[in-house]
file coords01.cif (mmCIF, C-alpha atoms and all ligand atoms)
data_entry
#
loop_
_atom_site.label_atom_id
_atom_site.label_comp_id
_atom_site.auth_asym_id
_atom_site.auth_seq_id
_atom_site.Cartn_x
_atom_site.Cartn_y
_atom_site.Cartn_z
CA MET A 1 28.20 -23.10 53.85
CA PHE A 2 27.59 -20.18 56.13
CA CYS A 3 27.21 -16.51 55.21
CA VAL A 4 30.39 -14.71 56.22
CA ASN A 5 28.32 -11.65 57.08
CA CYS A 6 25.34 -12.93 59.09
CA GLY A 7 26.23 -16.58 59.58
CA SER A 8 22.98 -17.94 58.16
CA GLU A 9 23.09 -21.36 56.61
CA GLU A 10 22.07 -20.92 52.97
CA THR A 11 23.33 -21.18 49.43
CA THR A 12 25.83 -18.37 49.14
CA PHE A 13 27.15 -15.95 46.51
CA ASP A 14 30.67 -14.78 47.03
CA GLY A 15 30.40 -16.18 50.56
CA LEU A 16 27.21 -14.25 51.35
CA CYS A 17 23.61 -15.39 51.77
CA ILE A 18 21.14 -13.97 49.24
CA LYS A 19 19.90 -11.31 51.67
CA CYS A 20 23.35 -10.00 52.44
CA PHE A 21 24.40 -10.30 48.81
CA LEU A 22 21.47 -8.18 47.63
CA ASN A 23 21.72 -5.64 50.42
CA GLY A 24 22.16 -2.22 48.84
CA LYS A 25 23.07 -3.69 45.47
CA GLN A 26 21.58 -2.20 42.32
CA LEU A 27 20.37 -5.17 40.28
CA VAL A 28 19.20 -3.29 37.20
CA SER A 29 20.35 -0.02 35.74
CA LEU A 30 19.43 2.50 33.10
CA PRO A 31 21.44 5.33 31.56
CA HIS A 32 20.89 8.80 33.04
CA HIS A 33 18.83 9.68 29.96
CA ILE A 34 17.93 8.10 26.63
CA ASP A 35 17.60 10.03 23.37
CA LEU A 36 14.68 8.89 21.23
CA GLU A 37 14.73 10.11 17.63
CA ARG A 38 11.46 11.17 16.07
CA CYS A 39 11.09 12.03 12.38
CA THR A 40 9.72 15.57 12.13
CA SER A 41 8.00 14.70 8.88
CA CYS A 42 6.26 11.35 9.41
CA GLU A 43 6.52 11.39 13.22
CA GLU A 44 7.77 7.82 13.33
CA PHE A 45 10.32 6.80 15.95
CA ARG A 46 13.69 5.20 15.49
CA VAL A 47 13.92 1.83 17.19
CA GLY A 48 17.35 0.33 16.57
CA HIS A 49 17.86 0.51 12.81
CA GLN A 50 14.19 0.82 12.05
CA TRP A 51 11.69 3.64 11.97
CA LEU A 52 8.30 2.64 13.31
CA LYS A 53 4.92 4.22 13.80
CA LYS A 54 4.12 4.17 17.53
CA LYS A 55 2.52 6.16 20.27
CA VAL A 56 5.16 8.24 22.03
CA THR A 57 4.64 6.43 25.34
CA GLU A 58 5.09 3.05 23.63
CA ALA A 59 8.22 4.27 21.84
CA ALA A 60 9.61 5.54 25.17
CA LYS A 61 8.93 2.17 26.82
CA ASP A 62 10.63 0.30 23.98
CA ALA A 63 13.64 2.59 24.15
CA VAL A 64 13.94 1.98 27.89
CA GLU A 65 13.51 -1.77 27.58
CA ASN A 66 16.32 -1.90 24.99
CA ARG A 67 18.71 -0.08 27.33
CA LEU A 68 17.85 -1.84 30.58
CA SER A 69 20.71 -3.91 31.94
CA ALA A 70 20.73 -6.38 34.80
CA ILE A 71 23.69 -7.65 36.83
CA HIS A 72 25.43 -10.81 35.76
CA GLY A 73 23.49 -13.95 36.60
CA MET A 74 20.12 -12.26 36.89
CA ARG A 75 17.34 -13.27 34.52
CA VAL A 76 14.73 -10.60 33.80
CA ILE A 77 11.24 -12.11 33.79
CA SER A 78 9.03 -9.06 33.41
CA VAL A 79 9.32 -5.30 33.21
CA GLY A 80 6.46 -3.04 34.20
CA MET A 81 6.80 0.55 33.07
CA GLN A 82 5.23 3.79 34.08
CA VAL A 83 5.66 6.77 31.78
CA THR A 84 5.12 10.34 33.03
CA GLU A 85 5.18 13.22 30.60
CA GLN A 86 7.30 16.03 32.03
CA ASP A 87 6.85 18.19 28.97
CA GLU A 88 6.32 17.33 25.32
CA ARG A 89 9.96 16.37 24.83
CA ASN A 90 10.82 14.70 28.14
CA PHE A 91 9.30 11.56 29.57
CA LEU A 92 10.19 10.10 32.94
CA VAL A 93 10.08 6.31 32.76
CA LYS A 94 10.08 4.11 35.85
CA ALA A 95 10.83 0.44 35.33
CA ASP A 96 9.66 -2.17 37.81
CA VAL A 97 11.60 -5.34 37.13
CA GLU A 98 10.90 -8.87 38.31
CA GLY A 99 13.56 -11.45 37.84
CA GLU A 100 15.34 -14.48 39.09
CA LEU A 101 18.82 -14.86 40.53
CA SER A 102 20.10 -18.35 41.23
CA GLY A 103 16.66 -19.65 42.03
CA ASN A 104 15.59 -16.61 44.08
CA ALA A 105 12.79 -14.28 42.97
CA VAL A 106 14.09 -10.71 43.00
CA THR A 107 12.62 -7.31 42.21
CA ALA A 108 14.33 -4.07 41.33
CA LEU A 109 13.55 -0.52 40.28
CA ALA A 110 15.27 1.86 37.87
CA GLU A 111 14.34 5.08 36.17
CA THR A 112 15.50 7.37 33.42
CA VAL A 113 14.34 10.27 31.27
CA VAL A 114 13.56 9.68 27.61
CA ARG A 115 14.27 12.80 25.55
CA ILE A 116 12.63 13.25 22.17
CA LYS A 117 15.11 14.40 19.51
CA ASN A 118 14.05 15.72 16.14
CA ASN A 119 15.43 14.04 13.06
CA VAL A 120 14.31 13.15 9.55
CA CYS A 121 14.13 9.50 8.56
CA GLN A 122 15.74 8.39 5.31
CA LYS A 123 12.41 7.78 3.64
CA CYS A 124 11.19 11.31 4.37
CA SER A 125 14.50 12.91 3.48
CA ARG A 126 14.40 11.12 0.14
CA GLN A 127 10.76 11.96 -0.43
CA LEU A 128 11.31 15.61 0.51
CA GLY A 129 14.30 15.67 -1.84
CA ASN A 130 12.16 14.30 -4.70
CA TYR A 131 14.26 11.15 -4.91
CA TYR A 132 13.09 8.74 -7.59
CA GLU A 133 14.46 5.80 -9.51
CA ALA A 134 11.67 5.05 -11.93
CA THR A 135 8.88 6.80 -13.79
CA LEU A 136 5.60 5.22 -14.81
CA GLN A 137 4.42 7.10 -17.86
CA ILE A 138 0.72 6.45 -18.24
CA ARG A 139 -0.41 7.26 -21.78
CA SER A 140 -3.17 6.27 -24.13
CA GLY A 141 -2.67 4.13 -27.21
CA THR A 142 -4.74 6.44 -29.34
CA LYS A 143 -5.56 9.99 -28.36
CA GLU A 144 -5.54 11.68 -24.98
CA LEU A 145 -5.73 9.52 -21.90
CA SER A 146 -9.29 9.86 -20.61
CA ASP A 147 -9.79 11.43 -17.18
CA GLU A 148 -11.56 8.28 -16.07
CA VAL A 149 -8.68 5.93 -16.96
CA ARG A 150 -6.12 8.41 -15.63
CA ASP A 151 -7.86 8.75 -12.25
CA GLU A 152 -8.45 5.02 -11.95
CA THR A 153 -4.81 4.25 -12.75
CA VAL A 154 -3.45 6.87 -10.34
CA ARG A 155 -5.78 5.52 -7.64
CA TYR A 156 -4.68 1.95 -8.28
CA VAL A 157 -0.95 2.76 -8.29
CA THR A 158 -1.24 4.95 -5.18
CA GLY A 159 -3.12 2.21 -3.32
CA ARG A 160 -0.57 -0.46 -4.28
CA ILE A 161 2.32 1.73 -3.16
CA GLU A 162 0.62 2.44 0.17
CA ASN A 163 0.24 -1.30 0.65
CA ILE A 164 3.77 -2.27 -0.28
CA GLY A 165 5.20 0.82 1.43
CA SER A 166 3.65 -0.13 4.75
CA LEU A 167 5.91 -3.20 4.75
CA ASN A 168 8.96 -1.73 3.03
CA ARG A 169 10.23 1.76 3.76
CA GLN A 170 12.21 1.93 0.52
CA ILE A 171 8.91 2.07 -1.35
CA PHE A 172 7.10 5.36 -1.85
CA LEU A 173 5.47 7.54 -4.43
CA THR A 174 7.56 10.65 -4.98
CA LYS A 175 5.30 12.66 -7.21
CA VAL A 176 2.36 12.54 -9.60
CA GLU A 177 2.64 14.94 -12.52
CA GLU A 178 -0.03 15.59 -15.10
CA VAL A 179 1.70 16.03 -18.42
CA GLN A 180 0.65 16.48 -22.04
CA GLY A 181 -1.08 13.27 -23.09
CA GLY A 182 -1.26 11.58 -19.72
CA VAL A 183 0.31 11.37 -16.29
CA ASP A 184 3.79 10.59 -14.92
CA MET A 185 4.19 8.82 -11.60
CA LEU A 186 7.66 9.08 -10.04
CA LEU A 187 8.57 6.09 -7.90
CA SER A 188 11.27 5.40 -5.33
CA SER A 189 12.38 2.09 -6.78
CA ILE A 190 13.14 0.49 -10.12
CA SER A 191 11.72 -2.88 -9.15
CA LEU A 192 8.51 -1.17 -8.04
CA GLY A 193 8.21 0.50 -11.47
CA LYS A 194 8.75 -2.80 -13.23
CA ALA A 195 6.19 -4.62 -11.07
CA LEU A 196 3.52 -1.93 -11.46
CA ALA A 197 4.02 -1.69 -15.24
CA LYS A 198 3.44 -5.44 -15.42
CA GLU A 199 0.35 -5.28 -13.19
CA LEU A 200 -1.17 -2.53 -15.33
CA SER A 201 -0.39 -4.50 -18.46
CA ASP A 202 -2.15 -7.57 -17.03
CA MET A 203 -5.13 -5.65 -15.74
CA TYR A 204 -5.88 -3.41 -18.67
CA GLY A 205 -4.17 -5.09 -21.57
CA ALA A 206 -1.76 -2.16 -21.73
CA GLU A 207 1.41 -2.28 -23.78
CA THR A 208 4.60 -1.51 -21.89
CA LYS A 209 8.05 -0.39 -22.91
CA GLU A 210 11.04 0.31 -20.73
CA ALA A 211 14.01 2.61 -21.24
CA ALA A 212 17.03 3.14 -18.99
CA LYS A 213 19.03 6.29 -18.61
CA LEU A 214 22.43 6.52 -16.96
CA ILE A 215 22.29 9.34 -14.42
CA GLY A 216 25.63 9.01 -12.63
CA LYS A 217 27.56 6.84 -10.22
CA THR A 218 26.64 5.57 -6.80
CA SER A 219 28.92 6.36 -3.85
CA ASP A 220 30.55 2.94 -4.31
CA GLY A 221 31.27 3.56 -7.98
CA ASN A 222 28.48 1.61 -9.68
CA ASP A 223 26.51 3.03 -12.59
CA MET A 224 23.23 4.53 -11.48
CA TYR A 225 20.22 4.32 -13.74
CA ARG A 226 16.76 5.69 -13.85
CA LEU A 227 14.13 3.61 -15.58
CA THR A 228 11.13 4.83 -17.51
CA TYR A 229 8.20 2.48 -17.94
CA LEU A 230 5.86 3.63 -20.66
CA VAL A 231 2.41 2.13 -20.11
CA ARG A 232 0.17 2.59 -23.10
CA MET A 233 -3.41 2.13 -22.02
CA PRO A 234 -5.64 0.66 -24.69
CA GLU A 235 -8.64 2.63 -25.86
CA TYR A 236 -10.96 -0.10 -24.57
CA HIS A 237 -11.79 -0.37 -20.92
CA LEU A 238 -13.65 -2.89 -18.81
CA GLY A 239 -17.42 -2.48 -19.31
CA ASP A 240 -17.14 -0.70 -22.68
CA ILE A 241 -19.23 -1.77 -25.65
CA VAL A 242 -16.86 -2.88 -28.38
CA ILE A 243 -17.27 -4.07 -31.95
CA TYR A 244 -15.53 -7.34 -32.74
CA ASN A 245 -15.92 -9.04 -36.13
CA GLY A 246 -18.71 -6.57 -36.91
CA LYS A 247 -20.82 -7.46 -33.81
CA PRO A 248 -21.38 -5.61 -30.54
CA TYR A 249 -20.01 -7.03 -27.30
CA LYS A 250 -19.49 -5.90 -23.77
CA LEU A 251 -15.87 -6.22 -22.64
CA SER A 252 -16.39 -8.11 -19.38
CA GLY A 253 -12.90 -9.17 -18.41
CA ILE A 254 -9.21 -8.75 -19.12
CA SER A 255 -6.54 -11.12 -17.84
CA LYS A 256 -2.95 -11.91 -18.72
CA GLY A 257 -3.70 -14.13 -21.66
CA ASN A 258 -6.99 -12.85 -23.00
CA GLY A 259 -10.09 -10.73 -22.86
CA ARG A 260 -13.67 -11.87 -22.27
CA LEU A 261 -16.58 -10.60 -24.30
CA ILE A 262 -20.31 -10.97 -23.86
CA GLY A 263 -22.32 -10.77 -27.10
CA LEU A 264 -25.14 -8.23 -26.89
CA SER A 265 -27.38 -10.12 -29.31
CA ASN A 266 -27.16 -13.54 -27.61
CA PHE A 267 -25.38 -12.88 -24.24
CA ARG A 268 -22.88 -15.65 -25.00
CA GLU A 269 -19.37 -15.38 -23.60
CA THR A 270 -16.43 -15.44 -25.96
CA SER A 271 -12.77 -15.10 -25.17
CA ILE A 272 -10.31 -13.22 -27.32
CA ARG A 273 -6.53 -13.50 -27.33
CA ARG A 274 -4.64 -10.50 -26.02
CA SER A 275 -2.76 -10.30 -29.30
CA ASP A 276 -6.08 -9.90 -31.14
CA MET A 277 -7.49 -7.27 -28.80
CA HIS A 278 -6.04 -4.40 -30.82
CA SER A 279 -8.77 -5.14 -33.39
CA LEU A 280 -11.50 -4.23 -30.85
CA LYS A 281 -13.22 -0.95 -31.74
CA VAL A 282 -14.74 0.95 -28.85
CA HIS A 283 -18.33 1.81 -29.73
CA THR A 284 -19.65 3.20 -26.43
CA LYS A 285 -17.60 3.95 -23.34
CA LYS A 286 -19.03 2.43 -20.18
CA GLY A 287 -19.67 5.92 -18.79
CA ASP A 288 -21.67 6.90 -21.89
CA LEU A 289 -24.20 4.05 -21.74
CA MET A 290 -27.83 5.17 -21.69
CA LYS A 291 -30.41 4.32 -19.05
CA ALA A 292 -33.88 3.18 -20.07
CA THR A 293 -37.02 2.83 -17.97
CA VAL A 294 -38.46 -0.68 -17.76
CA VAL A 295 -42.19 -0.96 -18.51
CA SER A 296 -42.70 -4.70 -18.17
CA ARG A 297 -40.69 -7.88 -17.80
CA SER A 298 -41.08 -11.41 -19.06
CA ASN A 299 -38.51 -14.16 -19.13
CA GLY A 300 -35.86 -13.41 -21.73
CA GLU A 301 -37.46 -10.16 -22.80
CA ILE A 302 -38.42 -6.78 -21.39
CA GLN A 303 -40.36 -3.79 -22.60
CA ILE A 304 -38.64 -0.43 -22.16
CA LEU A 305 -39.06 3.19 -23.10
CA HIS A 306 -36.66 4.12 -25.86
CA PRO A 307 -34.08 6.38 -24.13
CA VAL A 308 -34.26 9.01 -26.87
CA ASN A 309 -37.76 9.01 -28.40
CA TYR A 310 -39.63 7.27 -25.53
CA SER A 311 -41.47 4.85 -27.77
CA THR A 312 -42.15 1.44 -26.23
CA ILE A 313 -39.83 -1.27 -27.50
CA ASP A 314 -39.07 -4.91 -26.69
CA ILE A 315 -35.49 -5.97 -26.10
CA LYS A 316 -33.88 -9.31 -25.25
CA VAL A 317 -32.34 -9.89 -21.82
CA PRO A 318 -30.48 -12.95 -20.50
CA ILE A 319 -32.81 -15.69 -19.22
CA GLY A 320 -33.19 -15.35 -15.46
CA ALA A 321 -31.55 -11.92 -15.32
CA GLU A 322 -32.67 -9.71 -12.46
CA ILE A 323 -34.15 -6.55 -13.93
CA GLY A 324 -34.62 -3.38 -11.89
CA ASP A 325 -36.63 -0.26 -12.74
CA THR A 326 -34.01 0.94 -15.17
CA VAL A 327 -31.48 -0.86 -17.34
CA ASP A 328 -28.29 0.11 -19.17
CA VAL A 329 -28.70 0.07 -22.93
CA ALA A 330 -26.50 0.77 -25.92
CA ASP A 331 -27.60 2.07 -29.30
CA VAL A 332 -25.63 0.27 -32.00
CA ASP A 333 -26.63 1.26 -35.54
CA ASP A 334 -30.14 2.21 -34.46
CA THR A 335 -30.75 -1.02 -32.57
CA ILE A 336 -31.14 -0.77 -28.80
CA PHE A 337 -29.37 -3.56 -26.88
CA PHE A 338 -29.64 -4.50 -23.24
CA VAL A 339 -26.20 -4.30 -21.58
CA PRO A 340 -25.75 -7.12 -19.05
ZN ZN A 401 23.98 -13.26 55.26
ZN ZN A 402 9.89 10.19 8.28
#
call {"tool": "encode", "arguments": {"input": "coords01.cif", "output": "structure tokens"}}
result
Amino acid sequence: MFCVNCGSEETTFDGLCIKCFLNGKQLVSLPHHIDLERCTSCEEFRVGHQWLKKKVTEAAKDAVENRLSAIHGMRVISVGMQVTEQDERNFLVKADVEGELSGNAVTALAETVVRIKNNVCQKCSRQLGNYYEATLQIRSGTKELSDEVRDETVRYVTGRIENIGSLNRQIFLTKVEEVQGGVDMLLSSISLGKALAKELSDMYGAETKEAAKLIGKTSDGNDMYRLTYLVRMPEYHLGDIVIYNGKPYKLSGISKGNGRLIGLSNFRETSIRRSDMHSLKVHTKKGDLMKATVVSRSNGEIQILHPVNYSTIDIKVPIGAEIGDTVDVADVDDTIFFVP
């Protein structure tokens, strides 16, 4: 076949050789401008149906790449992009495209302006509107929730939500409210509330109770509920000295099925069923343990200064335990115990 334009003997498109076919033809095109939505609250960018955290130049490149079109039959192999900031809302993007058209390597250029448009993503609009579906009510089983347990729980829940929320935009913490007797944490999702109540129950041996309240109808006519998960933290806490069957123990572990105790008189480990843990009496909170200065060490025993009257006393320690200059001790009925 010969090119009807120049007569050269080559594979032809529409009767033309590749050179004549490409002459003056625009192979790739971009719209005159592209609007790129940015959330004014979290500053994430909308990419398709998603909101993503990106640098503005990267977001502009992605927006351009999504809108780049090539003529029929051309395969785009690579796109190089150059972004020039015109002002803080307008970015000129030049695309340098390499491709292939019926076995021929081709290159093409196109450019457009990416305009940043302010918007608010759904997550932020919900968060700003105090949207919540579930409440975690953190309370104590006995008296007031201690500051220590409250802070630790709030820290744990906040950290978990940050983790899960980085993968799922429906997940966020709406509000933390200190209330009489404890703290309320308002959450964006019912399933999140359920999962966190269970985690806290497993970690701390907390009792949980859930209650649902009908709050209206969804736009498609379904009943809409809000769930409240009451999490009753036990008095005992990891590291506390507890009395069990009349003897002192350190509470060294809590898991789904049971708790682990270390006897202070013999340093033996015992496990206790979760259902029996309510019988544990807290003797000394971990934060209230006393420090004693070590005078001398021998295997299985050390000499310390009594933390209150500074007399020299001998106390048992686990065989092979590493002993520093001070040790934690507990005073149980006028006997000083080493706390492992
Ligand atoms: Zn030709
Ligand atoms: Zn946002």
call {"tool": "residues_around", "arguments": {"input": "coords01.cif", "residues": "region 172-175 of chain A", "least_positions_apart": "4", "cutoff": "12 Å", "atoms": "all atoms listed in the file", "output": "NGL selection string"}}
result
:A and (122-136 or 154-155 or 157-168 or 183-193 or 196)
call {"tool": "closest_atom_pairs", "arguments": {"input": "coords01.cif", "of": "chain A", "to": "ligand ZN 402 (chain A)", "cutoff": "12 Å", "atoms": "only C-alpha atoms and all ligand atoms", "output": "JSON lines"}}
result
{"residue": "A:Glu37", "atom": "CA", "partner": "A:ZN402", "partner_atom": "ZN", "distance": 10.5}
{"residue": "A:Arg38", "atom": "CA", "partner": "A:ZN402", "partner_atom": "ZN", "distance": 8.0}
{"residue": "A:Cys39", "atom": "CA", "partner": "A:ZN402", "partner_atom": "ZN", "distance": 4.7}
{"residue": "A:Thr40", "atom": "CA", "partner": "A:ZN402", "partner_atom": "ZN", "distance": 6.6}
{"residue": "A:Ser41", "atom": "CA", "partner": "A:ZN402", "partner_atom": "ZN", "distance": 4.9}
{"residue": "A:Cys42", "atom": "CA", "partner": "A:ZN402", "partner_atom": "ZN", "distance": 4.0}
{"residue": "A:Glu43", "atom": "CA", "partner": "A:ZN402", "partner_atom": "ZN", "distance": 6.1}
{"residue": "A:Glu44", "atom": "CA", "partner": "A:ZN402", "partner_atom": "ZN", "distance": 6.0}
{"residue": "A:Phe45", "atom": "CA", "partner": "A:ZN402", "partner_atom": "ZN", "distance": 8.4}
{"residue": "A:Arg46", "atom": "CA", "partner": "A:ZN402", "partner_atom": "ZN", "distance": 9.6}
{"residue": "A:Gln50", "atom": "CA", "partner": "A:ZN402", "partner_atom": "ZN", "distance": 11.0}
{"residue": "A:Trp51", "atom": "CA", "partner": "A:ZN402", "partner_atom": "ZN", "distance": 7.7}
{"residue": "A:Leu52", "atom": "CA", "partner": "A:ZN402", "partner_atom": "ZN", "distance": 9.2}
{"residue": "A:Lys53", "atom": "CA", "partner": "A:ZN402", "partner_atom": "ZN", "distance": 9.5}
{"residue": "A:Asn118", "atom": "CA", "partner": "A:ZN402", "partner_atom": "ZN", "distance": 10.5}
{"residue": "A:Asn119", "atom": "CA", "partner": "A:ZN402", "partner_atom": "ZN", "distance": 8.3}
{"residue": "A:Val120", "atom": "CA", "partner": "A:ZN402", "partner_atom": "ZN", "distance": 5.5}
{"residue": "A:Cys121", "atom": "CA", "partner": "A:ZN402", "partner_atom": "ZN", "distance": 4.3}
{"residue": "A:Gln122", "atom": "CA", "partner": "A:ZN402", "partner_atom": "ZN", "distance": 6.8}
{"residue": "A:Lys123", "atom": "CA", "partner": "A:ZN402", "partner_atom": "ZN", "distance": 5.8}
{"residue": "A:Cys124", "atom": "CA", "partner": "A:ZN402", "partner_atom": "ZN", "distance": 4.3}
{"residue": "A:Ser125", "atom": "CA", "partner": "A:ZN402", "partner_atom": "ZN", "distance": 7.2}
{"residue": "A:Arg126", "atom": "CA", "partner": "A:ZN402", "partner_atom": "ZN", "distance": 9.4}
{"residue": "A:Gln127", "atom": "CA", "partner": "A:ZN402", "partner_atom": "ZN", "distance": 8.9}
{"residue": "A:Leu128", "atom": "CA", "partner": "A:ZN402", "partner_atom": "ZN", "distance": 9.6}
{"residue": "A:Arg169", "atom": "CA", "partner": "A:ZN402", "partner_atom": "ZN", "distance": 9.6}
{"residue": "A:Gln170", "atom": "CA", "partner": "A:ZN402", "partner_atom": "ZN", "distance": 11.6}
{"residue": "A:Phe172", "atom": "CA", "partner": "A:ZN402", "partner_atom": "ZN", "distance": 11.6}
call {"tool": "atom_distance", "arguments": {"input": "coords01.cif", "atom1": "CA of Lys54 (chain A)", "atom2": "CA of Arg67 (chain A)"}}
result
18.1 Å
call {"tool": "closest_atom_pairs", "arguments": {"input": "coords01.cif", "of": "chain A", "to": "ligand ZN 401 (chain A)", "cutoff": "7 Å", "atoms": "all atoms listed in the file", "output": "JSON lines"}}
result
{"residue": "A:Cys3", "atom": "CA", "partner": "A:ZN401", "partner_atom": "ZN", "distance": 4.6}
{"residue": "A:Val4", "atom": "CA", "partner": "A:ZN401", "partner_atom": "ZN", "distance": 6.6}
{"residue": "A:Asn5", "atom": "CA", "partner": "A:ZN401", "partner_atom": "ZN", "distance": 5.0}
{"residue": "A:Cys6", "atom": "CA", "partner": "A:ZN401", "partner_atom": "ZN", "distance": 4.1}
{"residue": "A:Gly7", "atom": "CA", "partner": "A:ZN401", "partner_atom": "ZN", "distance": 5.9}
{"residue": "A:Ser8", "atom": "CA", "partner": "A:ZN401", "partner_atom": "ZN", "distance": 5.6}
{"residue": "A:Leu16", "atom": "CA", "partner": "A:ZN401", "partner_atom": "ZN", "distance": 5.2}
{"residue": "A:Cys17", "atom": "CA", "partner": "A:ZN401", "partner_atom": "ZN", "distance": 4.1}
{"residue": "A:Ile18", "atom": "CA", "partner": "A:ZN401", "partner_atom": "ZN", "distance": 6.7}
{"residue": "A:Lys19", "atom": "CA", "partner": "A:ZN401", "partner_atom": "ZN", "distance": 5.8}
{"residue": "A:Cys20", "atom": "CA", "partner": "A:ZN401", "partner_atom": "ZN", "distance": 4.4}
call {"tool": "closest_residue", "arguments": {"input": "coords01.cif", "among": "A:Val47, A:Leu68, A:Ile254, A:Val179", "to": "Leu30 (chain A)", "atoms": "only C-alpha atoms"}}
result
A:Leu68
call {"tool": "axis_aligned_box", "arguments": {"input": "coords01.cif", "around": "region 22-29 of chain A", "padding_each_side": "4 Å", "output": "lines of an AutoDock Vina configuration file"}}
result
center_x = 21.1
center_y = -4.1
center_z = 43.1
size_x = 11.9
size_y = 16.2
size_z = 22.7
call {"tool": "closest_residue", "arguments": {"input": "coords01.cif", "among": "A:Ala108, A:Val295, A:Met81, A:Ile171", "to": "Glu65 (chain A)", "atoms": "all atoms listed in the file"}}
result
A:Met81
call {"tool": "atom_distance", "arguments": {"input": "coords01.cif", "atom1": "CA of Thr107 (chain A)", "atom2": "CA of His72 (chain A)"}}
result
14.8 Å
call {"tool": "residues_around", "arguments": {"input": "coords01.cif", "residues": "Gly257 (chain A)", "least_positions_apart": "2", "cutoff": "7 Å", "atoms": "only C-alpha atoms", "output": "MDAnalysis selection string"}}
result
chainID A and resid 255 273:274
call {"tool": "write_last_selection", "arguments": {"input": "coords01.cif", "atoms": "C-alpha atoms", "output": "short mmCIF file (atom, residue, chain, number, x, y, z; two decimals), keeping the file's coordinate frame"}}
result
data_model
loop_
_atom_site.label_atom_id
_atom_site.label_comp_id
_atom_site.auth_asym_id
_atom_site.auth_seq_id
_atom_site.Cartn_x
_atom_site.Cartn_y
_atom_site.Cartn_z
CA SER A 255 -6.54 -11.12 -17.84
CA ARG A 273 -6.53 -13.50 -27.33
CA ARG A 274 -4.64 -10.50 -26.02
#
call {"tool": "atom_distance", "arguments": {"input": "coords01.cif", "atom1": "CA of Asn90 (chain A)", "atom2": "CA of Lys25 (chain A)"}}
result
28.1 Å
call {"tool": "closest_residue", "arguments": {"input": "coords01.cif", "among": "A:Tyr229, A:Phe337, A:Tyr310, A:Tyr236", "to": "Gly263 (chain A)", "atoms": "only C-alpha atoms"}}
result
A:Phe337
call {"tool": "closest_residue", "arguments": {"input": "coords01.cif", "among": "A:Gly99, A:Pro234, A:Gly205, A:Ile319", "to": "Ile272 (chain A)", "atoms": "only C-alpha atoms"}}
result
A:Gly205
call {"tool": "decode", "arguments": {"input": "coords01.cif", "residues": "region 199-211 of chain A", "atoms": "N, CA and C atoms", "output": "CSV table (one decimal), in the first residue's frame"}}
result
chain,number,residue,atom,x,y,z
A,199,GLU,N,-13.0,-5.5,73.4
A,199,GLU,CA,-11.5,-5.5,73.7
A,199,GLU,C,-11.2,-5.0,75.1
A,200,LEU,N,-12.0,-4.0,75.6
A,200,LEU,CA,-11.7,-3.6,77.0
A,200,LEU,C,-12.1,-4.7,78.0
A,201,SER,N,-13.1,-5.4,77.7
A,201,SER,CA,-13.5,-6.5,78.5
A,201,SER,C,-12.4,-7.6,78.6
A,202,ASP,N,-11.9,-7.9,77.4
A,202,ASP,CA,-10.8,-8.9,77.4
A,202,ASP,C,-9.5,-8.4,78.1
A,203,MET,N,-9.2,-7.1,77.9
A,203,MET,CA,-8.0,-6.6,78.4
A,203,MET,C,-8.0,-6.4,79.9
A,204,TYR,N,-9.1,-5.9,80.4
A,204,TYR,CA,-9.1,-5.5,81.8
A,204,TYR,C,-10.0,-6.4,82.7
A,205,GLY,N,-10.7,-7.3,82.0
A,205,GLY,CA,-11.7,-8.1,82.8
A,205,GLY,C,-12.9,-7.2,83.2
A,206,ALA,N,-13.2,-6.2,82.3
A,206,ALA,CA,-14.4,-5.4,82.5
A,206,ALA,C,-15.7,-6.1,82.2
A,207,GLU,N,-16.7,-5.7,82.9
A,207,GLU,CA,-18.1,-6.2,82.5
A,207,GLU,C,-18.7,-5.2,81.6
A,208,THR,N,-19.4,-5.8,80.6
A,208,THR,CA,-20.0,-4.9,79.6
A,208,THR,C,-21.5,-5.1,79.5
A,209,LYS,N,-22.2,-4.1,79.2
A,209,LYS,CA,-23.7,-4.2,79.0
A,209,LYS,C,-24.0,-3.3,77.8
A,210,GLU,N,-25.0,-3.7,76.9
A,210,GLU,CA,-25.3,-2.8,75.9
A,210,GLU,C,-26.8,-2.5,75.9
A,211,ALA,N,-27.1,-1.3,75.5
A,211,ALA,CA,-28.5,-0.8,75.4
A,211,ALA,C,-28.7,-0.1,74.1
